[in-house]
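Trainee: Handing over structure.cif, mmCIF, C-alpha atoms and all ligand atoms.
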data_model
loop_
_atom_site.label_atom_id
_atom_site.label_comp_id
_atom_site.auth_asym_id
_atom_site.auth_seq_id
_atom_site.Cartn_x
_atom_site.Cartn_y
_atom_site.Cartn_z
CA MET A 112 0.00 0.00 0.00
CA PRO A 113 1.41 3.47 -0.86
CA ALA A 114 2.39 5.72 2.05
CA LEU A 115 -0.45 7.90 3.28
CA ALA A 116 -0.27 11.61 3.98
CA LEU A 117 -1.01 12.08 7.67
CA ASP A 118 -3.56 14.81 7.05
CA VAL A 119 -5.81 12.42 5.12
CA PRO A 120 -8.52 11.37 7.58
CA ALA A 121 -8.85 7.65 8.26
CA LEU A 122 -12.59 8.09 7.90
CA ASP A 123 -14.49 10.96 6.41
CA ILE A 124 -18.24 10.48 6.51
CA SER A 125 -20.52 13.27 5.36
CA GLY A 126 -24.30 13.29 5.28
CA LEU A 127 -24.40 9.50 5.47
CA THR A 128 -27.94 8.18 5.29
CA VAL A 129 -28.67 4.46 5.30
CA ARG A 130 -32.11 2.94 4.87
CA HIS A 131 -33.05 -0.70 5.20
CA GLY A 132 -36.40 -0.69 3.42
CA ASP A 133 -38.60 1.59 5.51
CA VAL A 134 -36.15 1.77 8.41
CA LEU A 135 -33.94 4.84 8.59
CA ALA A 136 -30.84 3.30 10.20
CA VAL A 137 -28.36 6.19 9.77
CA ASP A 138 -29.68 9.71 9.46
CA ASP A 139 -27.43 12.36 7.90
CA LEU A 140 -24.29 11.41 9.84
CA ASP A 141 -21.16 13.55 9.65
CA LEU A 142 -18.05 12.03 11.21
CA ARG A 143 -14.36 12.57 10.64
CA ILE A 144 -11.79 10.35 12.30
CA GLY A 145 -8.08 11.13 12.07
CA GLN A 146 -5.34 8.57 11.51
CA GLY A 147 -4.17 6.98 14.74
CA GLU A 148 -7.32 7.70 16.75
CA THR A 149 -9.04 5.01 18.82
CA VAL A 150 -12.74 5.70 18.63
CA ALA A 151 -15.66 3.91 20.30
CA LEU A 152 -19.04 3.93 18.61
CA LEU A 153 -21.67 3.73 21.31
CA GLY A 154 -25.44 3.69 21.41
CA PRO A 155 -28.35 1.39 22.18
CA ASN A 156 -29.51 -1.53 20.03
CA GLY A 157 -30.65 -0.23 16.67
CA ALA A 158 -28.76 3.08 16.99
CA GLY A 159 -27.11 2.59 13.61
CA LYS A 160 -23.59 1.50 14.61
CA SER A 161 -23.44 -1.66 12.48
CA SER A 162 -25.08 0.09 9.53
CA THR A 163 -22.40 2.79 9.72
CA VAL A 164 -19.64 0.16 9.83
CA SER A 165 -21.22 -1.67 6.87
CA ALA A 166 -21.33 1.55 4.86
CA VAL A 167 -17.67 2.24 5.66
CA LEU A 168 -16.80 -1.23 4.39
CA GLY A 169 -18.83 -0.72 1.23
CA LEU A 170 -21.10 -3.63 2.19
CA LEU A 171 -24.21 -1.55 1.65
CA ARG A 172 -25.05 1.33 -0.58
CA PRO A 173 -25.97 4.51 1.31
CA SER A 174 -29.22 6.27 0.37
CA ALA A 175 -27.31 9.55 0.56
CA GLY A 176 -23.99 10.99 1.62
CA ALA A 177 -20.38 10.08 1.04
CA VAL A 178 -17.81 7.92 2.78
CA ARG A 179 -14.07 8.17 2.20
CA VAL A 180 -11.69 5.73 3.82
CA LEU A 181 -8.11 6.99 3.90
CA GLY A 182 -8.97 9.16 0.92
CA ARG A 183 -10.51 6.33 -1.13
CA THR A 184 -13.98 4.96 -1.74
CA PRO A 185 -14.87 2.13 0.67
CA SER A 186 -14.50 -0.61 -1.95
CA ASP A 187 -11.15 0.76 -3.18
CA ALA A 188 -9.91 1.01 0.41
CA VAL A 189 -10.92 -2.58 1.17
CA ARG A 190 -9.40 -3.80 -2.09
CA ALA A 191 -6.15 -1.98 -1.30
CA GLY A 192 -5.95 -3.70 2.09
CA CYS A 193 -6.43 -0.45 4.03
CA VAL A 194 -9.17 -1.86 6.26
CA GLY A 195 -9.33 -4.85 8.58
CA ALA A 196 -12.79 -5.68 9.86
CA MET A 197 -14.30 -7.85 12.54
CA LEU A 198 -18.03 -8.02 12.10
CA GLN A 199 -20.74 -9.29 14.44
CA HIS A 200 -21.71 -12.12 12.11
CA GLY A 201 -18.30 -12.71 10.60
CA GLY A 202 -18.41 -16.02 8.78
CA LEU A 203 -15.71 -18.68 8.80
CA PRO A 204 -15.66 -21.91 6.78
CA GLY A 205 -16.76 -24.47 9.39
CA GLU A 206 -14.83 -27.55 8.31
CA ALA A 207 -11.49 -25.87 7.62
CA ARG A 208 -8.78 -25.73 10.23
CA VAL A 209 -7.92 -22.36 11.76
CA GLY A 210 -4.37 -22.49 10.37
CA GLU A 211 -5.69 -23.10 6.84
CA VAL A 212 -8.04 -20.11 7.04
CA VAL A 213 -5.28 -17.88 8.40
CA HIS A 214 -2.95 -19.09 5.63
CA LEU A 215 -5.59 -18.41 2.96
CA VAL A 216 -6.31 -14.89 4.17
CA ARG A 217 -2.63 -14.04 4.64
CA SER A 218 -1.87 -15.20 1.10
CA SER A 219 -4.26 -12.59 -0.30
CA TYR A 220 -1.98 -9.77 0.93
CA ALA A 221 1.34 -8.62 -0.51
CA ASP A 222 2.96 -8.07 2.89
CA PRO A 223 1.06 -10.14 5.45
CA TRP A 224 1.77 -10.28 9.17
CA PRO A 225 4.05 -13.33 9.80
CA THR A 226 1.90 -16.22 11.02
CA ALA A 227 3.76 -17.02 14.23
CA ASP A 228 3.71 -13.42 15.44
CA LEU A 229 0.11 -12.88 14.31
CA ALA A 230 -1.01 -16.03 16.12
CA ALA A 231 0.88 -15.09 19.28
CA THR A 232 -0.42 -11.52 19.24
CA THR A 233 -4.04 -12.62 18.88
CA GLY A 234 -3.74 -15.61 21.21
CA ILE A 235 -4.60 -18.26 18.63
CA ASP A 236 -1.29 -20.13 18.54
CA GLY A 237 -2.89 -23.09 20.33
CA LEU A 238 -5.83 -23.13 17.94
CA LEU A 239 -4.20 -23.37 14.51
CA GLY A 240 -4.83 -27.14 14.20
CA ARG A 241 -8.47 -26.95 15.32
CA PRO A 242 -11.45 -27.14 13.00
CA VAL A 243 -13.27 -23.81 12.96
CA ASP A 244 -16.48 -25.60 13.99
CA ALA A 245 -14.86 -26.68 17.24
CA LEU A 246 -14.11 -23.15 18.48
CA SER A 247 -15.85 -21.50 21.40
CA GLY A 248 -17.44 -18.08 20.83
CA GLY A 249 -14.48 -16.23 22.35
CA GLN A 250 -11.93 -18.32 20.42
CA ARG A 251 -13.83 -17.62 17.22
CA GLN A 252 -13.61 -13.89 17.91
CA ARG A 253 -9.86 -14.18 18.37
CA VAL A 254 -9.55 -15.97 15.03
CA LEU A 255 -11.67 -13.23 13.40
CA LEU A 256 -9.30 -10.68 14.90
CA ALA A 257 -6.29 -12.52 13.46
CA LEU A 258 -7.94 -12.47 10.02
CA ALA A 259 -8.72 -8.76 10.37
CA LEU A 260 -5.07 -8.09 11.19
CA ALA A 261 -3.52 -10.46 8.63
CA GLY A 262 -2.84 -7.71 6.08
CA ARG A 263 -1.55 -5.20 8.70
CA PRO A 264 -4.27 -2.69 7.82
CA PRO A 265 -3.88 0.94 8.90
CA LEU A 266 -7.60 1.04 9.86
CA LEU A 267 -9.39 -1.53 12.00
CA LEU A 268 -13.18 -1.64 12.22
CA LEU A 269 -14.51 -3.82 14.99
CA ASP A 270 -18.20 -4.45 15.60
CA GLU A 271 -18.71 -5.66 19.18
CA PRO A 272 -15.37 -7.47 19.06
CA THR A 273 -15.35 -8.77 22.63
CA SER A 274 -19.00 -9.77 23.01
CA ALA A 275 -18.19 -13.48 23.39
CA MET A 276 -14.89 -13.13 25.25
CA ASP A 277 -14.27 -13.89 28.90
CA VAL A 278 -12.62 -11.35 31.19
CA GLU A 279 -9.10 -12.56 30.46
CA GLY A 280 -9.76 -12.64 26.71
CA ARG A 281 -11.04 -9.07 26.80
CA ARG A 282 -8.07 -7.83 28.71
CA ALA A 283 -5.67 -9.49 26.25
CA PHE A 284 -7.72 -8.14 23.34
CA TRP A 285 -7.50 -4.54 24.54
CA THR A 286 -3.79 -4.89 25.30
CA THR A 287 -3.33 -5.93 21.66
CA MET A 288 -5.44 -2.97 20.50
CA ARG A 289 -3.45 -0.52 22.61
CA GLY A 290 -0.24 -1.88 21.10
CA LEU A 291 -1.60 -1.44 17.57
CA ALA A 292 -2.87 2.05 18.35
CA ALA A 293 0.55 2.96 19.76
CA ARG A 294 2.02 1.97 16.38
CA GLY A 295 -0.37 4.30 14.58
CA THR A 296 -3.25 1.98 13.64
CA THR A 297 -6.64 3.69 13.64
CA VAL A 298 -9.10 1.62 15.65
CA VAL A 299 -12.86 2.18 15.42
CA PHE A 300 -15.01 -0.15 17.48
CA ALA A 301 -18.69 -0.48 18.30
CA THR A 302 -19.43 -1.83 21.74
CA HIS A 303 -21.98 -2.14 24.50
CA HIS A 304 -19.19 -2.52 27.08
CA LEU A 305 -18.96 1.09 28.12
CA GLU A 306 -16.27 0.52 30.70
CA GLU A 307 -14.06 -0.79 27.86
CA ALA A 308 -14.81 2.26 25.77
CA ASP A 309 -14.00 4.47 28.74
CA ALA A 310 -10.70 2.71 29.35
CA VAL A 311 -9.52 2.36 25.76
CA ALA A 312 -10.95 5.04 23.48
CA ASP A 313 -9.42 8.49 22.93
CA ARG A 314 -12.80 9.54 21.66
CA VAL A 315 -16.37 8.28 21.98
CA VAL A 316 -19.08 8.86 19.42
CA VAL A 317 -22.62 8.26 20.64
CA LEU A 318 -25.37 7.44 18.16
CA ALA A 319 -29.10 7.25 18.81
CA GLY A 320 -31.81 6.78 16.22
CA GLY A 321 -29.15 6.93 13.50
CA ARG A 322 -27.98 10.40 14.56
CA LEU A 323 -24.87 11.59 16.31
CA VAL A 324 -25.78 12.75 19.82
CA ALA A 325 -22.32 13.16 21.38
CA ASP A 326 -18.71 13.20 20.22
CA GLY A 327 -15.71 13.82 22.43
CA SER A 328 -13.39 12.27 24.98
CA ALA A 329 -15.04 9.90 27.44
CA ALA A 330 -14.43 12.51 30.16
CA ALA A 331 -16.17 15.21 28.11
CA VAL A 332 -19.14 12.97 27.37
CA ARG A 333 -19.40 12.00 31.05
CA SER A 334 -19.29 15.62 32.12
CA ALA A 335 -22.16 16.48 29.76
CA VAL A 336 -24.38 14.74 32.27
CA SER A 337 -24.64 16.84 35.35
CA GLY A 338 -25.51 15.29 38.65
CA ARG A 339 -24.47 12.21 40.46
CA THR A 340 -25.64 8.73 41.12
CA VAL A 341 -26.60 7.64 44.63
CA ARG A 342 -26.61 3.86 45.04
CA LEU A 343 -27.91 2.02 48.06
CA THR A 344 -29.51 -1.24 49.06
CA ALA A 345 -33.17 -0.70 49.82
CA ASP A 346 -36.43 -2.64 49.42
CA ARG A 347 -38.65 0.36 49.10
CA LEU A 348 -38.17 4.08 48.58
CA PRO A 349 -40.45 7.03 49.10
CA GLY A 350 -41.81 8.56 45.88
CA ASP A 351 -40.87 12.07 44.73
CA LEU A 352 -37.37 12.26 46.20
CA PRO A 353 -35.99 15.78 45.70
CA GLY A 354 -33.37 16.13 42.97
CA VAL A 355 -33.93 12.64 41.59
CA THR A 356 -34.31 12.41 37.82
CA SER A 357 -34.31 8.64 37.35
CA VAL A 358 -34.48 5.50 39.43
CA THR A 359 -33.10 2.16 38.28
CA ARG A 360 -33.13 -1.04 40.26
CA GLN A 361 -30.85 -4.06 39.92
CA GLY A 362 -31.85 -6.70 42.44
CA ALA A 363 -31.68 -5.10 45.87
CA THR A 364 -29.55 -2.17 44.65
CA VAL A 365 -31.25 1.06 43.68
CA ALA A 366 -29.47 3.74 41.62
CA LEU A 367 -30.85 7.26 41.88
CA ALA A 368 -29.63 9.85 39.41
CA THR A 369 -29.82 13.15 41.22
CA GLY A 370 -29.01 16.77 40.64
CA ASP A 371 -28.97 17.46 44.39
CA VAL A 372 -27.22 14.74 46.39
CA GLU A 373 -27.66 16.50 49.72
CA ALA A 374 -31.43 16.99 49.37
CA THR A 375 -31.87 13.41 48.15
CA LEU A 376 -29.91 11.94 51.07
CA ARG A 377 -31.71 14.18 53.59
CA ALA A 378 -35.10 13.06 52.26
CA LEU A 379 -34.06 9.40 52.46
CA LEU A 380 -32.94 9.83 56.09
CA ASP A 381 -36.10 11.79 56.98
CA ALA A 382 -38.15 8.92 55.52
CA GLY A 383 -36.26 6.47 57.76
CA VAL A 384 -34.54 4.67 54.88
CA PRO A 385 -31.27 3.14 56.17
CA LEU A 386 -28.38 4.15 53.90
CA THR A 387 -27.13 0.59 53.51
CA ASP A 388 -24.17 0.12 51.10
CA LEU A 389 -24.36 3.83 50.22
CA ASP A 390 -22.21 4.86 47.25
CA VAL A 391 -22.25 8.32 45.66
CA ARG A 392 -20.48 8.87 42.33
CA GLY A 393 -20.24 11.22 39.41
CA ALA A 394 -21.87 10.02 36.22
CA SER A 395 -20.26 6.99 34.60
CA LEU A 396 -19.98 6.79 30.83
CA GLU A 397 -22.87 4.33 31.02
CA ASP A 398 -25.02 6.90 32.88
CA ALA A 399 -24.09 9.54 30.32
CA VAL A 400 -24.84 7.37 27.29
CA LEU A 401 -28.12 6.25 28.83
CA SER A 402 -29.09 9.82 29.51
CA LEU A 403 -28.04 11.01 26.04
CA THR A 404 -29.83 8.22 24.22
CA THR A 405 -33.09 8.16 26.14
CA SER A 406 -33.84 11.84 25.94
CA GLY A 407 -36.10 11.59 22.91
CA ALA A 408 -33.40 10.89 20.36
CA THR A 409 -34.05 7.14 20.08
CA ARG A 410 -36.84 5.47 18.23
N1 LIG A 501 -30.80 -5.85 7.04
C1 LIG A 501 -31.68 -5.09 7.66
N2 LIG A 501 -32.98 -5.07 7.27
C2 LIG A 501 -33.88 -4.28 7.88
N3 LIG A 501 -33.58 -3.47 8.94
C3 LIG A 501 -32.33 -3.46 9.36
C4 LIG A 501 -31.31 -4.28 8.76
N4 LIG A 501 -30.13 -4.05 9.42
C5 LIG A 501 -30.40 -3.16 10.39
N5 LIG A 501 -31.72 -2.80 10.37
C6 LIG A 501 -32.38 -1.83 11.23
O1 LIG A 501 -31.64 -0.61 11.17
C7 LIG A 501 -31.57 0.00 12.46
C8 LIG A 501 -30.11 0.18 12.84
O2 LIG A 501 -29.54 -1.11 13.03
P1 LIG A 501 -27.99 -1.34 13.33
O3 LIG A 501 -27.77 -2.83 13.29
O4 LIG A 501 -27.20 -0.48 12.44
O5 LIG A 501 -27.89 -0.79 14.81
P2 LIG A 501 -26.77 -1.07 15.93
O6 LIG A 501 -26.54 0.24 16.60
O7 LIG A 501 -25.59 -1.74 15.32
O8 LIG A 501 -27.52 -2.07 16.90
P3 LIG A 501 -26.94 -3.26 17.84
O9 LIG A 501 -26.29 -2.58 19.00
O10 LIG A 501 -28.17 -3.99 18.23
O11 LIG A 501 -25.99 -4.09 17.02
C9 LIG A 501 -32.36 -0.89 13.40
O12 LIG A 501 -33.66 -0.39 13.49
C10 LIG A 501 -32.36 -2.24 12.69
O13 LIG A 501 -33.51 -3.00 13.03
#
How does the structure come out when it is put into structure tokens?
Mentor:
Amino acid sequence: MPALALDVPALDISGLTVRHGDVLAVDDLDLRIGQGETVALLGPNGAGKSSTVSAVLGLLRPSAGAVRVLGRTPSDAVRAGCVGAMLQHGGLPGEARVGEVVHLVRSSYADPWPTADLAATTGIDGLLGRPVDALSGGQRQRVLLALALAGRPPLLLLDEPTSAMDVEGRRAFWTTMRGLAARGTTVVFATHHLEEADAVADRVVVLAGGRLVADGSAAAVRSAVSGRTVRLTADRLPGDLPGVTSVTRQGATVALATGDVEATLRALLDAGVPLTDLDVRGASLEDAVLSLTTSGATR
């Protein structure tokens, strides 16, 4: 692949609109991502993340708008080996062995990543002799990662890459991503694991109803949500607590989003609610994304 000028954006999306029949999946999206950025695409189910990724890969034809990938059209960029992708429903030939699939994909690139190093980096060195059908969900995702990386692409697009991985697998996965990002690879990933996005991404882009509702560092997106979250263990709470804007319950734990911690706590004490397991925090990225995507923007 020819050397790329650094001022060419990795992704330049303008006015992207994607329809699936009657469904408006992406609605006039503008997004520019520079080379070397690590960007998380966040948003609830149906927000338009996968449709955006598919448009960037040239897998679907937008109804309107333009997508440039490292200065090229999506299909040219893919053909030139500029993009490695890991998709949610990435297919693998079931009866082949992992090593055969890796060999096949590597052989389609002029300068592929050497097999031993690729396998070690993605944690599949023990899997090369296994039939693809015999892989667990997390192992399959690691193989898909190896295939995405086989051509050493400057841009990686990952759609929920760790959804089937265990805790150790995720940690290893993000260590690999950090290493690639440190070497200048642009990494764009869609995820529902907001703590991963918070820990890994330089920038988070939040979609809802196919539209961009937030774009900035995780800290900036978190700070867009004022207020704090009061968590405690309680069976029952009085209604109409001052300052409280939302109440969510998970088992015995109640989370109260509040704009006035002091008034909320005083009202709880006045009502005789014991403050068992009390925990007061600023908004997490999850709180922020929830707040941004449930304020009328989603369908
Ligand atoms: N092939 C399709 N045919 C019809 N509708 C589709 C198709 N693919 C996606 N959609 C619809 O387009 C909208 C956006 O879907 P998309 O998969 O892009 O969202 P997402 O943010 O990736 O969601 P998830 O987090 O669930 O993967 C949804 O309403 C979805 O039902």
Trainee: Set the cut-off to 9 Å, count only C-alpha atoms and all ligand atoms, and list whatever residues fall near ligand LIG 501 (chain A) as a VMD selection string.
Mentor: chain A and resid 129 to 137 152 to 165 199 270 to 271 301 to 303 318 to 321 410
Trainee: Using only C-alpha atoms, pick whichever of A:Arg281, A:Arg294, A:His200, A:Arg322 has the shortest atom-to-atom distance to A:Ala308.
Mentor: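 Looking at the shortest contact to A:Ala308, the residue is A:Arg281.
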Trainee: To one decimal place, how far is atom CA of A:Gly192 from atom CA of A:Pro264 in Å?
Mentor: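 Atom CA of A:Gly192 sits 6.1 Å away from atom CA of A:Pro264.
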Trainee: Just checking: using only C-alpha atoms, which residue out of A:Gly169, A:Gly338, A:Gly182, A:Pro272 ends up closest to A:Thr356?
Mentor: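 Using only C-alpha atoms, the shortest distance to A:Thr356 belongs to A:Gly338.
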Trainee: I need the residue nearest A:Gly362 from this list: A:Ala345, A:Gly262, A:Gly147, A:Gly240. Use only C-alpha atoms for the distance.
Mentor: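 With only C-alpha atoms as the atom set, the closest residue is A:Ala345.
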Trainee: Quick one: of A:Gly176, A:Gly237, A:Pro265, A:Gly350, who's nearest to A:Glu148, counting all atoms listed in the file?
Mentor: A:Pro265
Trainee: Taking only C-alpha atoms into account, name the residue in A:Ala257, A:Val365, A:Gln146, A:Leu291 that is nearest to A:Asp236.
Mentor: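 Comparing A:Ala257, A:Val365, A:Gln146, A:Leu291 against A:Asp236, the winner is A:Ala257.
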Trainee: Write out as a PyMOL selection string the residues lying within 8 Å of stretch 202-217 of chain A, counting only C-alpha atoms and excluding same-chain residues fewer than 2 positions away.
Mentor: chain A and resi 200+219-220+223-224+226+238-244+254+257-258+261-262
Trainee: Just write the chosen residues, C-alpha atoms, as a PDB file, keeping the file's coordinate frame.
Mentor:
ATOM      1  CA  HIS A 200     -21.710 -12.120  12.110  1.00  0.00           C
ATOM      2  CA  SER A 219      -4.260 -12.590  -0.300  1.00  0.00           C
ATOM      3  CA  TYR A 220      -1.980  -9.770   0.930  1.00  0.00           C
ATOM      4  CA  PRO A 223       1.060 -10.140   5.450  1.00  0.00           C
ATOM      5  CA  TRP A 224       1.770 -10.280   9.170  1.00  0.00           C
ATOM      6  CA  THR A 226       1.900 -16.220  11.020  1.00  0.00           C
ATOM      7  CA  LEU A 238      -5.830 -23.130  17.940  1.00  0.00           C
ATOM      8  CA  LEU A 239      -4.200 -23.370  14.510  1.00  0.00           C
ATOM      9  CA  GLY A 240      -4.830 -27.140  14.200  1.00  0.00           C
ATOM     10  CA  ARG A 241      -8.470 -26.950  15.320  1.00  0.00           C
ATOM     11  CA  PRO A 242     -11.450 -27.140  13.000  1.00  0.00           C
ATOM     12  CA  VAL A 243     -13.270 -23.810  12.960  1.00  0.00           C
ATOM     13  CA  ASP A 244     -16.480 -25.600  13.990  1.00  0.00           C
ATOM     14  CA  VAL A 254      -9.550 -15.970  15.030  1.00  0.00           C
ATOM     15  CA  ALA A 257      -6.290 -12.520  13.460  1.00  0.00           C
ATOM     16  CA  LEU A 258      -7.940 -12.470  10.020  1.00  0.00           C
ATOM     17  CA  ALA A 261      -3.520 -10.460   8.630  1.00  0.00           C
ATOM     18  CA  GLY A 262      -2.840  -7.710   6.080  1.00  0.00           C
TER      19      GLY A 262
END
Trainee: When you count all atoms listed in the file, which of these residues is closest to A:Arg253: A:Ser395, A:Thr375, A:Thr273, A:Ser218?
Mentor: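 Residue with the minimum atom-to-atom distance to A:Arg253: A:Thr273.
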Trainee: So for stretch 297-304 of chain A, what box centre and size do we get, axis-aligned, 4 Å extra on each of the six sides, every listed atom, Å to one decimal, as JSON?
Mentor:
{"center_x": -14.3, "center_y": 0.6, "center_z": 20.4, "size_x": 23.3, "size_y": 14.2, "size_z": 21.4}
Trainee: In Å to one decimal, how far is atom CA of A:Asp123 from atom CA of A:Thr297?
Mentor: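 Pair atom CA of A:Thr297 / atom CA of A:Asp123 returns 12.9 Å.
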Trainee: To one decimal place in Å, what is the distance between atom CA of A:Gly370 and atom CA of A:Leu386?
Mentor: 18.3 Å
Trainee: Counting only C-alpha atoms, which residues come within 10 Å of (-6.3, -3.8, 18.3), with the point read in the file's coordinates, and could you list them as a PyMOL selection string?
Mentor: chain A and resi 149+232-233+256-257+259-260+266-269+272+283-293+296-300
